[in-house]
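Next up, start.cif (mmCIF, N, CA and C atoms):
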data_final
loop_
_atom_site.label_atom_id
_atom_site.label_comp_id
_atom_site.auth_asym_id
_atom_site.auth_seq_id
_atom_site.Cartn_x
_atom_site.Cartn_y
_atom_site.Cartn_z
N MET L 1 55.80 -65.04 62.74
CA MET L 1 56.91 -65.24 63.66
C MET L 1 58.21 -64.84 62.97
N SER L 2 59.06 -64.11 63.69
CA SER L 2 60.34 -63.69 63.14
C SER L 2 61.49 -64.40 63.84
N GLN L 3 62.52 -64.66 63.06
CA GLN L 3 63.74 -65.24 63.60
C GLN L 3 64.91 -64.38 63.15
N ILE L 4 65.92 -64.26 64.00
CA ILE L 4 67.12 -63.51 63.64
C ILE L 4 68.29 -64.47 63.55
N LEU L 5 69.01 -64.38 62.43
CA LEU L 5 70.20 -65.20 62.23
C LEU L 5 71.40 -64.29 62.13
N LYS L 6 72.47 -64.62 62.84
CA LYS L 6 73.74 -63.90 62.72
C LYS L 6 74.54 -64.63 61.65
N ILE L 7 74.78 -63.97 60.53
CA ILE L 7 75.46 -64.59 59.39
C ILE L 7 76.89 -64.09 59.31
N GLU L 8 77.84 -65.01 59.27
CA GLU L 8 79.25 -64.66 59.15
C GLU L 8 79.73 -64.99 57.73
N GLY L 9 80.64 -64.16 57.25
CA GLY L 9 81.24 -64.42 55.94
C GLY L 9 80.77 -63.49 54.84
N MET L 10 79.77 -62.67 55.11
CA MET L 10 79.30 -61.71 54.10
C MET L 10 80.23 -60.50 54.11
N THR L 11 80.70 -60.10 52.93
CA THR L 11 81.64 -58.98 52.86
C THR L 11 81.17 -57.85 51.93
N CYS L 12 80.13 -58.10 51.14
CA CYS L 12 79.71 -57.10 50.17
C CYS L 12 78.22 -57.21 49.89
N ASN L 13 77.71 -56.31 49.07
CA ASN L 13 76.29 -56.31 48.75
C ASN L 13 75.89 -57.58 47.99
N HIS L 14 76.80 -58.11 47.18
CA HIS L 14 76.51 -59.36 46.46
C HIS L 14 76.27 -60.48 47.46
N CYS L 15 77.10 -60.53 48.51
CA CYS L 15 76.93 -61.54 49.57
C CYS L 15 75.56 -61.40 50.23
N LYS L 16 75.18 -60.16 50.52
CA LYS L 16 73.89 -59.88 51.15
C LYS L 16 72.75 -60.41 50.29
N MET L 17 72.82 -60.11 48.99
CA MET L 17 71.76 -60.55 48.08
C MET L 17 71.74 -62.07 47.94
N ARG L 18 72.91 -62.68 47.95
CA ARG L 18 72.98 -64.14 47.84
C ARG L 18 72.36 -64.81 49.07
N ALA L 19 72.65 -64.28 50.25
CA ALA L 19 72.08 -64.82 51.49
C ALA L 19 70.56 -64.62 51.50
N GLU L 20 70.09 -63.44 51.07
CA GLU L 20 68.64 -63.20 51.01
C GLU L 20 67.96 -64.17 50.08
N LYS L 21 68.54 -64.38 48.90
CA LYS L 21 67.95 -65.29 47.93
C LYS L 21 67.90 -66.72 48.47
N ALA L 22 68.96 -67.13 49.14
CA ALA L 22 69.00 -68.48 49.72
C ALA L 22 67.89 -68.66 50.77
N LEU L 23 67.73 -67.65 51.63
CA LEU L 23 66.72 -67.73 52.67
C LEU L 23 65.30 -67.66 52.11
N GLN L 24 65.11 -66.88 51.06
CA GLN L 24 63.78 -66.77 50.45
C GLN L 24 63.34 -68.08 49.82
N GLY L 25 64.29 -68.94 49.50
CA GLY L 25 63.97 -70.22 48.89
C GLY L 25 63.53 -71.29 49.87
N VAL L 26 63.59 -70.99 51.16
CA VAL L 26 63.22 -71.97 52.19
C VAL L 26 61.71 -71.98 52.36
N SER L 27 61.15 -73.18 52.41
CA SER L 27 59.71 -73.34 52.59
C SER L 27 59.25 -72.72 53.90
N GLY L 28 58.20 -71.92 53.85
CA GLY L 28 57.65 -71.29 55.03
C GLY L 28 58.11 -69.86 55.25
N VAL L 29 59.09 -69.40 54.45
CA VAL L 29 59.59 -68.04 54.59
C VAL L 29 58.64 -67.07 53.89
N GLU L 30 58.22 -66.03 54.60
CA GLU L 30 57.35 -65.00 54.03
C GLU L 30 58.15 -63.79 53.57
N SER L 31 59.14 -63.38 54.38
CA SER L 31 59.99 -62.25 53.99
C SER L 31 61.36 -62.38 54.64
N VAL L 32 62.34 -61.74 54.00
CA VAL L 32 63.72 -61.78 54.49
C VAL L 32 64.30 -60.38 54.37
N LYS L 33 64.99 -59.95 55.42
CA LYS L 33 65.73 -58.68 55.36
C LYS L 33 67.11 -58.95 55.94
N VAL L 34 68.14 -58.82 55.10
CA VAL L 34 69.51 -59.02 55.54
C VAL L 34 70.20 -57.67 55.65
N ASP L 35 70.85 -57.44 56.78
CA ASP L 35 71.59 -56.20 57.01
C ASP L 35 73.07 -56.54 57.00
N LEU L 36 73.79 -56.03 56.01
CA LEU L 36 75.21 -56.34 55.85
C LEU L 36 76.03 -55.78 57.02
N ALA L 37 75.72 -54.58 57.47
CA ALA L 37 76.49 -53.94 58.54
C ALA L 37 76.42 -54.73 59.85
N SER L 38 75.23 -55.17 60.22
CA SER L 38 75.07 -55.91 61.47
C SER L 38 75.24 -57.41 61.28
N LYS L 39 75.32 -57.84 60.03
CA LYS L 39 75.45 -59.26 59.67
C LYS L 39 74.29 -60.07 60.24
N GLU L 40 73.10 -59.48 60.20
CA GLU L 40 71.91 -60.16 60.70
C GLU L 40 70.86 -60.30 59.61
N ALA L 41 70.17 -61.42 59.66
CA ALA L 41 69.03 -61.64 58.78
C ALA L 41 67.79 -61.77 59.66
N VAL L 42 66.75 -61.02 59.31
CA VAL L 42 65.47 -61.14 59.99
C VAL L 42 64.55 -61.87 59.03
N VAL L 43 64.11 -63.05 59.45
CA VAL L 43 63.29 -63.90 58.60
C VAL L 43 61.91 -64.03 59.22
N THR L 44 60.88 -63.68 58.44
CA THR L 44 59.50 -63.78 58.91
C THR L 44 58.84 -64.97 58.23
N GLY L 45 58.07 -65.71 59.00
CA GLY L 45 57.36 -66.88 58.48
C GLY L 45 57.44 -68.00 59.49
N ASN L 46 57.11 -69.20 59.03
CA ASN L 46 57.11 -70.34 59.95
C ASN L 46 58.12 -71.41 59.54
N ALA L 47 59.23 -70.98 58.91
CA ALA L 47 60.27 -71.92 58.50
C ALA L 47 61.02 -72.44 59.72
N GLU L 48 61.49 -73.67 59.61
CA GLU L 48 62.29 -74.27 60.68
C GLU L 48 63.69 -73.65 60.67
N ARG L 49 64.21 -73.35 61.85
CA ARG L 49 65.53 -72.73 61.96
C ARG L 49 66.61 -73.59 61.28
N ALA L 50 66.53 -74.89 61.46
CA ALA L 50 67.54 -75.78 60.86
C ALA L 50 67.57 -75.63 59.33
N ASN L 51 66.41 -75.44 58.72
CA ASN L 51 66.34 -75.27 57.27
C ASN L 51 66.93 -73.92 56.85
N LEU L 52 66.72 -72.90 57.67
CA LEU L 52 67.29 -71.59 57.39
C LEU L 52 68.82 -71.64 57.47
N VAL L 53 69.31 -72.27 58.52
CA VAL L 53 70.76 -72.39 58.70
C VAL L 53 71.37 -73.17 57.54
N LYS L 54 70.73 -74.26 57.12
CA LYS L 54 71.23 -75.06 56.00
C LYS L 54 71.30 -74.23 54.72
N ALA L 55 70.30 -73.40 54.47
CA ALA L 55 70.28 -72.57 53.28
C ALA L 55 71.45 -71.59 53.28
N VAL L 56 71.73 -70.99 54.44
CA VAL L 56 72.84 -70.05 54.55
C VAL L 56 74.18 -70.76 54.35
N VAL L 57 74.33 -71.91 54.97
CA VAL L 57 75.57 -72.68 54.84
C VAL L 57 75.76 -73.14 53.40
N ASP L 58 74.70 -73.61 52.77
CA ASP L 58 74.78 -74.04 51.37
C ASP L 58 75.15 -72.87 50.44
N ALA L 59 74.81 -71.64 50.85
CA ALA L 59 75.15 -70.46 50.05
C ALA L 59 76.61 -70.02 50.29
N GLY L 60 77.28 -70.64 51.25
CA GLY L 60 78.69 -70.35 51.46
C GLY L 60 79.01 -69.52 52.69
N TYR L 61 78.06 -69.37 53.59
CA TYR L 61 78.26 -68.55 54.78
C TYR L 61 78.04 -69.41 56.02
N SER L 62 78.25 -68.85 57.19
CA SER L 62 77.99 -69.59 58.42
C SER L 62 77.04 -68.80 59.31
N VAL L 63 76.42 -69.50 60.24
CA VAL L 63 75.46 -68.88 61.16
C VAL L 63 75.95 -69.11 62.58
N GLU L 64 76.03 -68.02 63.35
CA GLU L 64 76.39 -68.11 64.76
C GLU L 64 75.16 -68.50 65.56
N ASP L 65 75.37 -69.31 66.58
CA ASP L 65 74.26 -69.70 67.45
C ASP L 65 73.97 -68.66 68.49
#
Let me see the structure of the file written as structure tokens.
Amino acid sequence: MSQILKIEGMTCNHCKMRAEKALQGVSGVESVKVDLASKEAVVTGNAERANLVKAVVDAGYSVED
């Protein structure tokens, strides 16, 4: 199952990598692909959305609903 998160606050490649690393640390995540241009993360696996959002927020970014 894939989920798409709209991530706000990323401005550079370092931000992209930081968001990817945060999402990869969530239990149930199989793969993560963050696109800086579209500010979207595609997360594959069975992780709970609330846990994904918390990981992004803890990394210093926000998620649009």
* For the structure shown, which residues end up in the PyMOL selection byres ((chain L and resi 31-39) around 6.5)? Put them as an NGL selection string, please? => :L and (5-8 or 16 or 20 or 24 or 29-30 or 40-45)
* How would you write, as a PyMOL selection string, the set of residues in chain L that DSSP gives as helix (DSSP H, G or I)? -> chain L and resi 13-24+49-58
* Could you work out how far atom N of Asn46 (chain L) lies from atom C of Asp58 (chain L), giving the answer in Å with one decimal? ->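 So the two atoms, atom C of Asp58 (chain L) and atom N of Asn46 (chain L), lie 20.3 Å apart.
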* Computed interatomic separation between CA of Val53 (chain L) and CA of Leu23 (chain L) (Å) -> 8.6 Å
* For atom C of Ala50 (chain L) and atom N of Asn13 (chain L), the interatomic separation in Å (one decimal) ->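 Going from atom C of Ala50 (chain L) over to atom N of Asn13 (chain L) covers 24.1 Å.
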* Between L:Met17, L:Met10, L:Met1, L:Val26, which one has atoms that come closest to Ser62 (chain L), using only C-alpha atoms? -> L:Met10
Mind listing the strand (DSSP E) residues of chain L, per DSSP on the backbone, as a short mmCIF file (atom, residue, chain, number, x, y, z; two decimals) with N, CA and C atoms, keeping the file's coordinate frame?
data_model
loop_
_atom_site.label_atom_id
_atom_site.label_comp_id
_atom_site.auth_asym_id
_atom_site.auth_seq_id
_atom_site.Cartn_x
_atom_site.Cartn_y
_atom_site.Cartn_z
N SER L 2 59.06 -64.11 63.69
CA SER L 2 60.34 -63.69 63.14
C SER L 2 61.49 -64.40 63.84
N GLN L 3 62.52 -64.66 63.06
CA GLN L 3 63.74 -65.24 63.60
C GLN L 3 64.91 -64.38 63.15
N ILE L 4 65.92 -64.26 64.00
CA ILE L 4 67.12 -63.51 63.64
C ILE L 4 68.29 -64.47 63.55
N LEU L 5 69.01 -64.38 62.43
CA LEU L 5 70.20 -65.20 62.23
C LEU L 5 71.40 -64.29 62.13
N LYS L 6 72.47 -64.62 62.84
CA LYS L 6 73.74 -63.90 62.72
C LYS L 6 74.54 -64.63 61.65
N ILE L 7 74.78 -63.97 60.53
CA ILE L 7 75.46 -64.59 59.39
C ILE L 7 76.89 -64.09 59.31
N GLU L 8 77.84 -65.01 59.27
CA GLU L 8 79.25 -64.66 59.15
C GLU L 8 79.73 -64.99 57.73
N VAL L 29 59.09 -69.40 54.45
CA VAL L 29 59.59 -68.04 54.59
C VAL L 29 58.64 -67.07 53.89
N GLU L 30 58.22 -66.03 54.60
CA GLU L 30 57.35 -65.00 54.03
C GLU L 30 58.15 -63.79 53.57
N SER L 31 59.14 -63.38 54.38
CA SER L 31 59.99 -62.25 53.99
C SER L 31 61.36 -62.38 54.64
N VAL L 32 62.34 -61.74 54.00
CA VAL L 32 63.72 -61.78 54.49
C VAL L 32 64.30 -60.38 54.37
N LYS L 33 64.99 -59.95 55.42
CA LYS L 33 65.73 -58.68 55.36
C LYS L 33 67.11 -58.95 55.94
N VAL L 34 68.14 -58.82 55.10
CA VAL L 34 69.51 -59.02 55.54
C VAL L 34 70.20 -57.67 55.65
N ASP L 35 70.85 -57.44 56.78
CA ASP L 35 71.59 -56.20 57.01
C ASP L 35 73.07 -56.54 57.00
N GLU L 40 73.10 -59.48 60.20
CA GLU L 40 71.91 -60.16 60.70
C GLU L 40 70.86 -60.30 59.61
N ALA L 41 70.17 -61.42 59.66
CA ALA L 41 69.03 -61.64 58.78
C ALA L 41 67.79 -61.77 59.66
N VAL L 42 66.75 -61.02 59.31
CA VAL L 42 65.47 -61.14 59.99
C VAL L 42 64.55 -61.87 59.03
N VAL L 43 64.11 -63.05 59.45
CA VAL L 43 63.29 -63.90 58.60
C VAL L 43 61.91 -64.03 59.22
N THR L 44 60.88 -63.68 58.44
CA THR L 44 59.50 -63.78 58.91
C THR L 44 58.84 -64.97 58.23
N GLY L 45 58.07 -65.71 59.00
CA GLY L 45 57.36 -66.88 58.48
C GLY L 45 57.44 -68.00 59.49
N SER L 62 78.25 -68.85 57.19
CA SER L 62 77.99 -69.59 58.42
C SER L 62 77.04 -68.80 59.31
N VAL L 63 76.42 -69.50 60.24
CA VAL L 63 75.46 -68.88 61.16
C VAL L 63 75.95 -69.11 62.58
N GLU L 64 76.03 -68.02 63.35
CA GLU L 64 76.39 -68.11 64.76
C GLU L 64 75.16 -68.50 65.56
#
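Using all atoms listed in the file for every distance, the candidate list L:Gly9, L:Ala47, L:Ile4, L:Lys54 yields L:Lys54 as the residue closest to Ala22 (chain L).
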Box dimensions and centre (Å, one decimal) enclosing region 46-55 of chain L, axis-aligned, 4 Å extra per side, as AutoDock Vina command-line options:
--center_x 64.3 --center_y -72.5 --center_z 57.6 --size_x 22.3 --size_y 14.6 --size_z 16.7
Since the input is missing atoms for region 5-21 of chain L, could you rebuild it with N, CA, C and O atoms and give the result as a PDB file, keeping the file's coordinate frame?
ATOM      1  N   LEU L   5      69.010 -64.380  62.430  1.00  0.00           N
ATOM      2  CA  LEU L   5      70.200 -65.200  62.230  1.00  0.00           C
ATOM      3  C   LEU L   5      71.400 -64.290  62.130  1.00  0.00           C
ATOM      4  O   LEU L   5      71.369 -63.289  61.415  1.00  0.00           O
ATOM      5  N   LYS L   6      72.470 -64.620  62.840  1.00  0.00           N
ATOM      6  CA  LYS L   6      73.740 -63.900  62.720  1.00  0.00           C
ATOM      7  C   LYS L   6      74.540 -64.630  61.650  1.00  0.00           C
ATOM      8  O   LYS L   6      74.933 -65.782  61.844  1.00  0.00           O
ATOM      9  N   ILE L   7      74.780 -63.970  60.530  1.00  0.00           N
ATOM     10  CA  ILE L   7      75.460 -64.590  59.390  1.00  0.00           C
ATOM     11  C   ILE L   7      76.890 -64.090  59.310  1.00  0.00           C
ATOM     12  O   ILE L   7      77.130 -62.889  59.268  1.00  0.00           O
ATOM     13  N   GLU L   8      77.840 -65.010  59.270  1.00  0.00           N
ATOM     14  CA  GLU L   8      79.250 -64.660  59.150  1.00  0.00           C
ATOM     15  C   GLU L   8      79.730 -64.990  57.730  1.00  0.00           C
ATOM     16  O   GLU L   8      79.277 -65.957  57.132  1.00  0.00           O
ATOM     17  N   GLY L   9      80.640 -64.160  57.250  1.00  0.00           N
ATOM     18  CA  GLY L   9      81.240 -64.420  55.940  1.00  0.00           C
ATOM     19  C   GLY L   9      80.770 -63.490  54.840  1.00  0.00           C
ATOM     20  O   GLY L   9      81.323 -63.507  53.745  1.00  0.00           O
ATOM     21  N   MET L  10      79.770 -62.670  55.110  1.00  0.00           N
ATOM     22  CA  MET L  10      79.300 -61.710  54.100  1.00  0.00           C
ATOM     23  C   MET L  10      80.230 -60.500  54.110  1.00  0.00           C
ATOM     24  O   MET L  10      80.512 -59.943  55.177  1.00  0.00           O
ATOM     25  N   THR L  11      80.700 -60.100  52.930  1.00  0.00           N
ATOM     26  CA  THR L  11      81.640 -58.980  52.860  1.00  0.00           C
ATOM     27  C   THR L  11      81.170 -57.850  51.930  1.00  0.00           C
ATOM     28  O   THR L  11      81.775 -56.789  51.925  1.00  0.00           O
ATOM     29  N   CYS L  12      80.130 -58.100  51.140  1.00  0.00           N
ATOM     30  CA  CYS L  12      79.710 -57.100  50.170  1.00  0.00           C
ATOM     31  C   CYS L  12      78.220 -57.210  49.890  1.00  0.00           C
ATOM     32  O   CYS L  12      77.551 -58.106  50.397  1.00  0.00           O
ATOM     33  N   ASN L  13      77.710 -56.310  49.070  1.00  0.00           N
ATOM     34  CA  ASN L  13      76.290 -56.310  48.750  1.00  0.00           C
ATOM     35  C   ASN L  13      75.890 -57.580  47.990  1.00  0.00           C
ATOM     36  O   ASN L  13      74.768 -58.065  48.133  1.00  0.00           O
ATOM     37  N   HIS L  14      76.800 -58.110  47.180  1.00  0.00           N
ATOM     38  CA  HIS L  14      76.510 -59.360  46.460  1.00  0.00           C
ATOM     39  C   HIS L  14      76.270 -60.480  47.460  1.00  0.00           C
ATOM     40  O   HIS L  14      75.358 -61.302  47.298  1.00  0.00           O
ATOM     41  N   CYS L  15      77.100 -60.530  48.510  1.00  0.00           N
ATOM     42  CA  CYS L  15      76.930 -61.540  49.570  1.00  0.00           C
ATOM     43  C   CYS L  15      75.560 -61.400  50.230  1.00  0.00           C
ATOM     44  O   CYS L  15      74.878 -62.387  50.477  1.00  0.00           O
ATOM     45  N   LYS L  16      75.180 -60.160  50.520  1.00  0.00           N
ATOM     46  CA  LYS L  16      73.890 -59.880  51.150  1.00  0.00           C
ATOM     47  C   LYS L  16      72.750 -60.410  50.290  1.00  0.00           C
ATOM     48  O   LYS L  16      71.855 -61.092  50.771  1.00  0.00           O
ATOM     49  N   MET L  17      72.820 -60.110  48.990  1.00  0.00           N
ATOM     50  CA  MET L  17      71.760 -60.550  48.080  1.00  0.00           C
ATOM     51  C   MET L  17      71.740 -62.070  47.940  1.00  0.00           C
ATOM     52  O   MET L  17      70.670 -62.682  47.869  1.00  0.00           O
ATOM     53  N   ARG L  18      72.910 -62.680  47.950  1.00  0.00           N
ATOM     54  CA  ARG L  18      72.980 -64.140  47.840  1.00  0.00           C
ATOM     55  C   ARG L  18      72.360 -64.810  49.070  1.00  0.00           C
ATOM     56  O   ARG L  18      71.621 -65.794  48.954  1.00  0.00           O
ATOM     57  N   ALA L  19      72.650 -64.280  50.250  1.00  0.00           N
ATOM     58  CA  ALA L  19      72.080 -64.820  51.490  1.00  0.00           C
ATOM     59  C   ALA L  19      70.560 -64.620  51.500  1.00  0.00           C
ATOM     60  O   ALA L  19      69.809 -65.535  51.875  1.00  0.00           O
ATOM     61  N   GLU L  20      70.090 -63.440  51.070  1.00  0.00           N
ATOM     62  CA  GLU L  20      68.640 -63.200  51.010  1.00  0.00           C
ATOM     63  C   GLU L  20      67.960 -64.170  50.080  1.00  0.00           C
ATOM     64  O   GLU L  20      66.923 -64.754  50.413  1.00  0.00           O
ATOM     65  N   LYS L  21      68.540 -64.380  48.900  1.00  0.00           N
ATOM     66  CA  LYS L  21      67.950 -65.290  47.930  1.00  0.00           C
ATOM     67  C   LYS L  21      67.900 -66.720  48.470  1.00  0.00           C
ATOM     68  O   LYS L  21      66.895 -67.422  48.304  1.00  0.00           O
TER      69      LYS L  21
END
